[in-house]
Amino acid sequence: QVLFVESGGGLVQPGGSLRLSCTAPGIIFSNYDMGWYRQAPGKQREFVARITRSNNTNSPDSVKGRFTITRDNAKKTVYLQMNSLKPEDTAVYYCHARHFVTLNEHWGQGTRVTVSS
């Protein structure tokens with residue numbers, strides 16, 4: 001069963017924008033807090049952004065003001081709008097879901113973002 005379908009990655013120049021999407025047909029979307037993580041080559045996976053079931057959001061200082069996470073429960077989709085991209089944003093970006101009661105977690109397969117001139 002496919003839990004997530006991620007899309008939107010690609011190659012972009014510094015200063016450019018991308019929007020990642022993660023559609024989750026395999027879960028009861030409204031029961032999950034959703035988020036994005038990323039993993040750059042040779043580095044550990046790191047937290048990028050989270051949006052709760054009640055639409056509260058948080059993100060680290062490294063992306064705050066540049067990245068925006070939103071969700072559409074009707075479409076079972078979470079988005080990550082990424083603006084003012086930098087080369088250090090280059091990574092594989094993973095969609096993440098955590099059930100609000102059981103805390104069970106699910107991960108997407110990842111979508112690659114490359115920021116380069």
# chains A, B, ... in the order shown; residues from 1 in each chain; ligands from 1
$ residues_around --residues "A:Tyr37" --least-positions-apart "6" --cutoff "10 Å" --atoms "only C-alpha atoms" --output "PyMOL selection string"
chain A and resi 45-50+91-96+107-108+110
$ write_last_selection --atoms "C-alpha atoms" --output "PDB file, in the first residue's frame"
ATOM      1  CA  ARG A  45      18.356  13.760   8.463  1.00  0.00           C
ATOM      2  CA  GLU A  46      17.154  17.055   9.907  1.00  0.00           C
ATOM      3  CA  PHE A  47      13.806  18.623  10.718  1.00  0.00           C
ATOM      4  CA  VAL A  48      12.495  21.238   8.282  1.00  0.00           C
ATOM      5  CA  ALA A  49       8.903  22.024   9.189  1.00  0.00           C
ATOM      6  CA  ARG A  50       5.825  20.654  10.957  1.00  0.00           C
ATOM      7  CA  ALA A  91      18.978  17.560   0.008  1.00  0.00           C
ATOM      8  CA  VAL A  92      16.459  14.788  -0.316  1.00  0.00           C
ATOM      9  CA  TYR A  93      13.244  15.998   1.298  1.00  0.00           C
ATOM     10  CA  TYR A  94      11.030  13.499   3.106  1.00  0.00           C
ATOM     11  CA  CYS A  95       7.388  13.768   4.029  1.00  0.00           C
ATOM     12  CA  HIS A  96       6.608  12.649   7.602  1.00  0.00           C
ATOM     13  CA  TRP A 107       7.857   8.370   5.976  1.00  0.00           C
ATOM     14  CA  GLY A 108       7.655   9.204   2.320  1.00  0.00           C
ATOM     15  CA  GLY A 110      11.815  11.347  -0.622  1.00  0.00           C
TER      16      GLY A 110
END
$ select_by_dssp --residues "chain A" --states "strand (DSSP E)" --output "JSON, numbers by chain"
{"A": [5, 6, 7, 10, 11, 12, 18, 19, 20, 21, 22, 23, 32, 33, 34, 35, 36, 37, 38, 39, 46, 47, 48, 49, 50, 51, 57, 58, 67, 68, 69, 70, 71, 72, 77, 78, 79, 80, 81, 82, 91, 92, 93, 94, 95, 96, 97, 98, 99, 105, 106, 107, 111, 112, 113, 114, 115]}
$ closest_residue --among "A:Thr77, A:Gln44, A:Asn58, A:Thr68" --to "A:Thr23" --atoms "only C-alpha atoms"
A:Thr77
$ residues_around --residues "A:Thr114" --least-positions-apart "5" --cutoff "7 Å" --atoms "only C-alpha atoms" --output "PyMOL selection string"
chain A and resi 10-12+90-91
$ atom_distance --atom1 "atom CA of A:Leu20" --atom2 "atom CA of A:Met82"
7.9 Å
$ closest_residue --among "A:Ala97, A:Leu80, A:Ile28, A:Leu103" --to "A:Gly9" --atoms "only C-alpha atoms"
A:Leu80
$ closest_residue --among "A:Ser62, A:Ser116, A:Ser30, A:Thr111" --to "A:Ala74" --atoms "only C-alpha atoms"
A:Ser30
$ closest_residue --among "A:Asn73, A:Gln13, A:Ser59, A:Asn104" --to "A:Trp36" --atoms "only C-alpha atoms"
A:Ser59
$ residues_around --residues "A:His99" --least-positions-apart "5" --cutoff "10 Å" --atoms "only C-alpha atoms" --output "number ranges by chain"
A: 27-34, 53, 104-106
$ atom_distance --atom1 "atom CA of A:Asp89" --atom2 "atom CA of A:Ile51"
19.8 Å
$ atom_distance --atom1 "atom CA of A:Phe67" --atom2 "atom CA of A:Thr102"
28.2 Å
$ closest_residue --among "A:Ser117, A:Gln39, A:Gln109, A:Asn55" --to "A:Val78" --atoms "only C-alpha atoms"
A:Asn55
